[in-house]
>>> print(open('work.cif').read())   # mmCIF, C-alpha atoms
data_target
#
loop_
_atom_site.label_atom_id
_atom_site.label_comp_id
_atom_site.auth_asym_id
_atom_site.auth_seq_id
_atom_site.Cartn_x
_atom_site.Cartn_y
_atom_site.Cartn_z
CA MET A 23 121.26 165.89 66.85
CA PRO A 24 118.46 163.82 68.35
CA ASP A 25 115.19 165.51 69.30
CA LYS A 26 114.99 165.41 73.09
CA ASN A 27 111.19 165.56 72.88
CA ILE A 28 110.89 162.18 71.14
CA ASN A 29 108.36 159.85 72.78
CA ILE A 30 108.25 156.21 71.77
CA ASP A 31 104.99 154.32 71.76
CA THR A 32 105.22 150.83 73.28
CA ASP A 33 103.87 149.35 70.06
CA VAL A 34 107.00 150.57 68.26
CA ILE A 35 109.21 148.70 70.70
CA LEU A 36 107.14 145.54 70.26
CA LYS A 37 107.24 145.86 66.46
CA TYR A 38 111.03 146.33 66.62
CA LEU A 39 111.41 143.17 68.68
CA GLU A 40 109.12 141.32 66.26
CA LYS A 41 111.24 142.63 63.36
CA THR A 42 108.18 144.26 61.77
CA ALA A 43 109.06 147.92 62.46
CA SER A 44 109.48 150.27 59.51
CA PRO A 45 112.84 151.97 58.80
CA GLU A 46 111.45 155.27 60.15
CA GLU A 47 110.26 153.59 63.37
CA ILE A 48 113.64 151.93 63.82
CA ARG A 49 115.39 155.30 63.36
CA GLN A 50 113.12 156.97 65.93
CA LEU A 51 113.64 154.13 68.44
CA ARG A 52 117.43 154.28 68.14
CA GLU A 53 117.39 158.07 68.62
CA TRP A 54 115.18 157.67 71.68
CA ILE A 55 117.53 155.02 73.19
CA ALA A 56 120.49 157.34 72.60
CA LEU A 57 118.84 160.24 74.46
CA SER A 58 119.54 158.85 77.94
CA GLU A 59 120.96 155.95 79.87
CA GLU A 60 117.56 155.51 81.50
CA ASN A 61 115.93 154.96 78.06
CA ALA A 62 118.62 152.45 77.13
CA ASP A 63 118.16 150.54 80.42
CA TYR A 64 114.39 150.57 79.98
CA PHE A 65 114.65 149.19 76.44
CA GLN A 66 117.02 146.45 77.59
CA GLU A 67 114.66 145.37 80.37
CA ILE A 68 111.78 145.16 77.91
CA ARG A 69 113.87 143.14 75.45
CA ASN A 70 114.89 140.72 78.22
CA ILE A 71 111.24 140.05 79.04
CA TRP A 72 110.47 139.61 75.35
CA GLU A 73 113.27 137.08 74.86
CA VAL A 74 112.04 135.02 77.80
CA ALA A 75 108.46 135.17 76.56
CA THR A 76 109.24 134.12 72.98
CA PRO A 77 112.14 131.62 72.93
CA ALA A 78 112.78 129.17 70.08
CA VAL A 79 112.09 125.99 72.00
CA ASP A 80 113.31 122.53 71.16
CA PRO A 81 112.26 120.46 74.22
CA GLU A 82 115.10 118.00 73.70
CA LYS A 83 117.67 120.79 73.89
CA ILE A 84 116.33 122.56 76.97
CA ASP A 85 118.70 122.82 79.91
CA THR A 86 115.94 122.62 82.49
CA GLY A 87 117.99 123.98 85.39
CA LYS A 88 119.26 126.94 83.40
CA ALA A 89 115.87 127.68 81.86
CA LEU A 90 114.09 127.76 85.20
CA ALA A 91 116.81 129.94 86.70
CA GLN A 92 116.46 132.41 83.83
CA VAL A 93 112.69 132.63 84.21
CA LYS A 94 113.05 133.28 87.96
CA SER A 95 115.65 135.98 87.35
CA ARG A 96 113.39 137.75 84.84
CA ILE A 97 110.46 137.70 87.24
CA HIS A 98 112.70 139.13 89.96
CA ALA A 99 113.97 141.81 87.59
CA THR A 100 110.50 143.00 86.66
CA SER A 101 109.66 143.57 90.34
CA GLN A 102 112.40 146.22 90.44
CA VAL A 103 111.00 148.32 87.50
CA PRO A 104 110.08 151.96 88.34
CA ALA A 105 106.41 152.78 88.84
CA LYS A 106 106.14 154.81 85.62
CA LYS A 107 106.91 151.67 83.63
CA THR A 108 104.52 149.38 85.51
CA ARG A 109 101.72 149.50 82.95
CA PHE A 110 103.90 148.39 80.07
CA ILE A 111 105.74 145.75 82.15
CA THR A 112 102.38 144.36 83.30
CA TYR A 113 101.35 144.15 79.66
CA CYS A 114 104.53 142.24 78.81
CA GLN A 115 104.08 139.95 81.79
CA ARG A 116 100.64 139.03 80.51
CA ILE A 117 102.16 138.19 77.14
CA ALA A 118 104.90 136.23 78.86
CA ALA A 119 102.38 134.30 80.98
CA ILE A 120 100.56 133.19 77.85
CA LEU A 121 103.65 132.42 75.78
CA LEU A 122 105.64 130.78 78.58
CA LEU A 123 102.94 128.22 79.38
CA PRO A 124 103.94 125.79 76.58
CA VAL A 125 107.59 126.40 77.45
CA ILE A 126 107.01 125.47 81.09
CA ILE A 127 105.00 122.42 80.03
CA ALA A 128 107.84 121.37 77.74
CA ILE A 129 110.38 121.79 80.54
CA VAL A 130 108.31 119.74 83.00
CA ALA A 131 107.67 117.04 80.37
CA LEU A 132 111.37 116.83 79.61
CA MET A 133 112.28 116.57 83.29
CA MET A 134 109.74 113.76 83.72
CA LYS A 135 111.07 112.04 80.62
CA LYS A 136 114.64 112.22 81.91
CA ASP A 137 113.55 110.94 85.34
CA HIS A 138 111.81 107.92 83.83
CA GLN A 139 114.18 107.24 80.97
CA GLU A 140 115.87 103.86 81.16
CA PRO A 141 119.64 104.19 81.54
CA LEU A 142 121.75 102.99 78.68
CA ILE A 143 123.16 99.54 79.42
CA ALA A 144 126.50 98.29 78.15
CA TYR A 145 126.92 94.59 77.37
CA ASN A 146 129.80 92.15 77.37
CA GLU A 147 129.97 89.17 75.02
CA VAL A 148 132.23 86.22 75.73
CA THR A 149 132.93 83.28 73.40
CA ALA A 150 134.84 80.13 74.35
CA PRO A 151 137.32 78.98 71.66
CA TYR A 152 136.84 75.52 70.16
CA GLY A 153 138.60 72.82 72.15
CA MET A 154 138.54 74.92 75.34
CA VAL A 155 136.27 75.72 78.31
CA SER A 156 135.98 79.32 79.56
CA SER A 157 134.69 80.48 82.94
CA LEU A 158 133.62 83.88 84.24
CA THR A 159 131.88 85.62 87.13
CA LEU A 160 128.90 87.87 86.40
CA PRO A 161 128.26 91.25 88.10
CA ASP A 162 125.89 89.59 90.61
CA SER A 163 128.58 87.03 91.60
CA SER A 164 126.91 84.21 89.63
CA LYS A 165 129.43 81.88 87.95
CA VAL A 166 129.25 80.62 84.39
CA TRP A 167 131.24 78.01 82.46
CA LEU A 168 131.13 78.16 78.66
CA ASN A 169 131.78 75.07 76.61
CA ALA A 170 133.81 75.23 73.39
CA GLY A 171 132.20 77.35 70.66
CA SER A 172 129.61 78.84 73.06
CA THR A 173 128.73 82.51 73.57
CA LEU A 174 127.28 84.46 76.50
CA LYS A 175 126.00 88.04 76.35
CA TYR A 176 125.37 89.85 79.65
CA PRO A 177 125.12 93.45 80.97
CA THR A 178 128.04 95.07 82.75
CA ALA A 179 125.62 95.67 85.65
CA PHE A 180 122.21 94.22 86.56
CA THR A 181 120.09 97.34 87.13
CA SER A 182 116.50 96.12 86.63
CA ASN A 183 114.24 93.79 88.62
CA VAL A 184 115.61 90.77 86.75
CA ARG A 185 119.08 89.51 85.90
CA GLU A 186 118.86 88.62 82.23
CA VAL A 187 121.47 87.11 79.91
CA GLU A 188 121.57 85.53 76.44
CA MET A 189 123.48 82.47 75.32
CA SER A 190 124.07 80.05 72.49
CA GLY A 191 125.97 76.78 72.67
CA GLU A 192 126.41 75.19 76.08
CA ALA A 193 126.81 76.79 79.50
CA TYR A 194 126.74 75.71 83.12
CA PHE A 195 125.35 78.25 85.62
CA GLU A 196 125.81 78.55 89.36
CA VAL A 197 123.36 81.35 90.11
CA HIS A 198 123.86 83.63 93.11
CA ALA A 199 120.73 83.40 95.28
CA ASP A 200 118.45 86.46 95.05
CA LYS A 201 114.70 85.77 95.15
CA GLU A 202 113.89 89.43 94.59
CA HIS A 203 115.76 89.47 91.27
CA PRO A 204 115.16 86.31 89.20
CA PHE A 205 117.97 85.13 86.94
CA ILE A 206 116.80 84.60 83.34
CA VAL A 207 118.67 82.90 80.50
CA ASN A 208 117.38 83.41 76.96
CA THR A 209 118.42 80.81 74.39
CA GLY A 210 116.31 82.06 71.50
CA ASP A 211 113.53 79.46 71.76
CA LEU A 212 113.48 79.00 75.52
CA LYS A 213 113.60 81.14 78.63
CA VAL A 214 115.05 79.57 81.79
CA THR A 215 114.21 81.34 85.07
CA ALA A 216 115.95 80.68 88.39
CA THR A 217 116.76 82.45 91.68
CA GLY A 218 119.61 80.47 93.25
CA THR A 219 120.31 77.32 91.29
CA ALA A 220 122.89 75.21 89.43
CA PHE A 221 121.91 74.04 85.95
CA ASN A 222 123.24 73.26 82.49
CA ILE A 223 121.88 74.46 79.15
CA CYS A 224 122.84 72.88 75.84
CA SER A 225 121.47 74.96 72.95
CA PHE A 226 123.68 74.85 69.88
CA ALA A 227 122.25 76.65 66.85
CA LYS A 228 122.55 73.68 64.49
CA ALA A 229 121.08 71.15 66.92
CA GLN A 230 117.50 69.91 66.60
CA GLU A 231 116.99 70.04 70.34
CA GLU A 232 117.74 72.07 73.45
CA VAL A 233 118.52 70.32 76.72
CA ILE A 234 118.26 71.81 80.23
CA THR A 235 119.71 69.77 83.10
CA LEU A 236 119.03 70.78 86.71
CA VAL A 237 121.62 69.95 89.38
CA THR A 238 120.32 71.85 92.43
CA GLY A 239 117.42 74.18 93.24
CA LYS A 240 114.51 74.81 90.88
CA VAL A 241 114.05 76.32 87.45
CA ALA A 242 111.11 77.20 85.25
CA VAL A 243 111.52 76.63 81.51
CA SER A 244 109.12 78.46 79.23
CA GLN A 245 108.45 78.43 75.50
CA GLU A 246 105.83 81.08 74.76
CA ASN A 247 102.90 80.08 77.04
CA ASN A 248 104.18 76.56 77.74
CA ILE A 249 105.94 76.44 81.14
CA LYS A 250 107.64 73.43 82.76
CA HIS A 251 109.27 73.19 86.20
CA LEU A 252 112.32 71.04 86.91
CA LEU A 253 113.54 69.41 90.11
CA PRO A 254 117.16 68.38 90.85
CA GLY A 255 118.24 65.37 88.80
CA GLN A 256 115.76 66.10 86.05
CA GLN A 257 116.36 67.04 82.44
CA LEU A 258 114.10 68.81 79.95
CA ASN A 259 114.44 67.95 76.28
CA TYR A 260 112.93 70.49 73.89
CA GLN A 261 112.44 69.54 70.24
CA ARG A 262 112.67 72.64 68.06
CA ALA A 263 110.67 71.25 65.14
CA SER A 264 107.63 70.12 67.14
CA LYS A 265 108.11 72.58 70.06
CA SER A 266 107.50 69.68 72.43
CA MET A 267 108.98 69.35 75.92
CA GLU A 268 109.77 66.13 77.77
CA ILE A 269 111.13 65.78 81.32
CA THR A 270 113.12 62.71 82.43
CA ASP A 271 115.17 61.68 85.47
CA ILE A 272 118.89 61.36 84.67
CA ASP A 273 122.41 61.10 86.09
CA THR A 274 123.59 64.69 85.87
CA TYR A 275 127.32 63.88 85.95
CA LYS A 276 127.83 63.13 82.27
CA TYR A 277 125.94 66.31 81.28
CA ILE A 278 127.95 68.69 83.44
CA SER A 279 131.39 67.04 83.63
CA TRP A 280 132.55 68.99 80.57
CA LYS A 281 132.99 72.11 82.75
CA ASP A 282 135.85 70.28 84.48
CA GLY A 283 137.43 69.34 81.14
CA ILE A 284 135.86 65.87 81.14
CA LEU A 285 133.96 64.16 78.33
CA ALA A 286 131.85 61.41 79.89
CA PHE A 287 130.04 58.90 77.68
CA ARG A 288 127.79 56.31 79.34
CA ASP A 289 126.72 53.71 76.77
CA ASP A 290 125.72 56.51 74.43
CA PRO A 291 124.96 55.79 70.76
CA LEU A 292 127.78 56.77 68.39
CA LYS A 293 125.60 59.33 66.64
CA SER A 294 125.19 61.20 69.93
CA ILE A 295 128.92 60.96 70.64
CA PHE A 296 129.85 62.27 67.20
CA ASN A 297 127.44 65.20 67.66
CA ARG A 298 129.17 65.99 70.93
CA LEU A 299 132.63 65.85 69.39
CA GLU A 300 131.48 68.11 66.53
CA GLN A 301 130.34 70.73 69.02
CA VAL A 302 133.52 70.66 71.07
CA TYR A 303 136.17 70.33 68.37
CA GLN A 304 134.53 72.06 65.37
CA VAL A 305 134.68 69.02 63.10
CA ARG A 306 132.17 67.23 60.88
CA PHE A 307 131.57 63.47 60.94
CA ILE A 308 130.09 61.65 57.94
CA LEU A 309 128.88 58.10 58.61
CA LYS A 310 129.49 55.97 55.50
CA ASP A 311 127.45 53.07 56.88
CA THR A 312 124.14 53.68 58.71
CA SER A 313 124.57 50.50 60.75
CA ILE A 314 127.29 52.31 62.72
CA ASN A 315 124.47 54.01 64.66
CA GLN A 316 123.74 50.72 66.44
CA PHE A 317 127.03 50.85 68.34
CA THR A 318 127.26 52.40 71.81
CA TYR A 319 130.35 53.55 73.67
CA ARG A 320 131.34 54.05 77.30
CA ALA A 321 134.42 56.07 78.28
CA THR A 322 135.67 59.11 80.16
CA PHE A 323 138.21 61.49 78.59
CA LYS A 324 140.08 64.34 80.21
CA GLY A 325 142.69 66.32 78.33
CA GLU A 326 142.90 63.99 75.32
CA THR A 327 143.08 65.47 71.83
CA LEU A 328 140.45 64.61 69.23
CA ASP A 329 142.83 62.24 67.43
CA GLU A 330 143.57 60.41 70.69
CA ILE A 331 139.85 60.01 71.40
CA LEU A 332 139.26 58.61 67.90
CA ASP A 333 142.17 56.18 68.35
CA TYR A 334 140.66 54.87 71.61
CA MET A 335 137.25 54.47 69.98
CA GLY A 336 138.78 52.55 67.06
CA MET A 337 140.37 50.09 69.52
CA SER A 338 137.03 48.95 70.99
CA ILE A 339 134.55 49.50 68.14
CA PRO A 340 134.87 48.03 64.62
CA ILE A 341 135.10 51.41 62.89
CA THR A 342 137.77 53.36 60.99
CA PHE A 343 138.20 57.13 60.66
CA ARG A 344 139.52 58.96 57.62
CA THR A 345 140.06 62.71 57.32
CA THR A 346 139.07 63.78 53.81
CA GLU A 347 139.25 67.57 53.71
CA THR A 348 139.23 70.81 55.61
CA GLU A 349 136.59 73.39 54.67
CA LYS A 350 135.87 77.00 55.50
CA GLU A 351 132.61 77.44 57.38
CA GLY A 352 130.60 80.42 58.67
CA ASN A 353 131.11 84.15 58.47
CA ASP A 354 134.43 83.87 60.29
CA SER A 355 135.76 81.35 57.74
CA ILE A 356 136.65 78.79 60.42
CA ASN A 357 138.51 75.70 59.23
CA VAL A 358 136.26 72.68 59.70
CA ARG A 359 137.80 69.25 59.50
CA THR A 360 135.67 66.56 57.81
CA ILE A 361 136.03 62.99 59.08
CA GLU A 362 134.47 59.98 57.36
CA VAL A 363 133.54 57.00 59.54
CA TYR A 364 133.64 53.50 58.01
CA LYS A 365 132.52 50.17 59.44
CA ASN A 366 135.25 47.53 59.48
#
>>> encode(input="work.cif", output="structure tokens")
Amino acid sequence: MPDKNINIDTDVILKYLEKTASPEEIRQLREWIALSEENADYFQEIRNIWEVATPAVDPEKIDTGKALAQVKSRIHATSQVPAKKTRFITYCQRIAAILLLPVIIAIVALMMKKDHQEPLIAYNEVTAPYGMVSSLTLPDSSKVWLNAGSTLKYPTAFTSNVREVEMSGEAYFEVHADKEHPFIVNTGDLKVTATGTAFNICSFAKAQEEVITLVTGKVAVSQENNIKHLLPGQQLNYQRASKSMEITDIDTYKYISWKDGILAFRDDPLKSIFNRLEQVYQVRFILKDTSINQFTYRATFKGETLDEILDYMGMSIPITFRTTETEKEGNDSINVRTIEVYKN
């Protein structure tokens, strides 16, 4: 039967909560708690304060709303403690004030971190199949046409101060006007910045150059600290090896007609034409006679197959085409047709 005259020193309660009490002290404390409901309630109140004052804190796992609510509730609870317990509660509050300071700092830091943390952004990636042109509308209502074998990566929503996308291959952009949120296209080497503009970018990975053609508006083209500005009807040619930029005045039609399914050649050298056909149809041309490069060709094709285009070229230029083999190329093991070109 418990001794009703047992008195528990506050140090015993603290040692019990710290798990440093001796077996005898633990026995005495349990007997004291069992003596009355008031003792049990008093012990529970003290333990509540202790748990608030000494939590195991991982700032990343703090539920800030819940933690703050718990602290407030404990403070409110201590104001209701009977007068005879005031001295001990005041002592615990002092402990809590000291121990809770880093907890409160951690909570505030976490809240600030969450407020300033950049939201996770999801991206879409679109690739146009070889031999086809794909078109799409971006979240800001800008329109994009992708030439065959080209890829565009863009966010599902433009949430920052700029509208930024990435591309490889060839794409034509009609940018929705928004001066407060510049539209930026990254090609790897170059960065093209516009606000409300129509322009074409040709930037195939295997090419030695990148070409930006401006139809309307203005764009700034930058390569590291080198920045050039284009006006309508101008074209910037960037040489990857030398990192040089050259601006010329051109007829934009033949550089943008592909978006309407048209291949327009205007007295272009055959080497340039074969490069274009390689990009669009995923083929490889091998010139068996270097003098073939002296020929130029002028024509407009819409809807013709590659074989039909080659037939038309053979009718007006003294050259012959011969398919030799089909090879696997790239990580996707794409079939690449090899075509040898001979001079008649």
>>> closest_atom_pairs(input="work.cif", of="range 277-345 of chain A", to="range 171-191 of chain A", cutoff="9 Å", atoms="only C-alpha atoms", output="tab-separated table")
residue	atom	partner	partner_atom	distance
A:Gln301	CA	A:Gly171	CA	7.1
A:Val302	CA	A:Gly171	CA	6.8
A:Tyr303	CA	A:Gly171	CA	8.4
A:Gln304	CA	A:Gly171	CA	7.8
>>> atom_distance(input="work.cif", atom1="CA of Phe205 in chain A", atom2="CA of Trp280 in chain A")
22.7 Å
>>> atom_distance(input="work.cif", atom1="CA of Ala242 in chain A", atom2="CA of Ser264 in chain A")
19.8 Å
>>> atom_distance(input="work.cif", atom1="CA of Glu40 in chain A", atom2="CA of Asn70 in chain A")
13.3 Å
>>> residues_around(input="work.cif", residues="Glu347 in chain A", least_positions_apart="2", cutoff="12 Å", atoms="all atoms listed in the file", output="ChimeraX atom specification")
/A:305-308,344-345,349-350,357-362
>>> resolve_selection(input="work.cif", expression="the PyMOL selection byres ((chain A and resi 254) around 7)", output="VMD selection string")
chain A and resid 236 to 240 252 to 253 255 to 256
>>> resolve_selection(input="work.cif", expression="the PyMOL selection byres ((chain A and resi 288) around 12)", output="PyMOL selection string")
chain A and resi 272-277+285-287+289-292+294-295+318-323
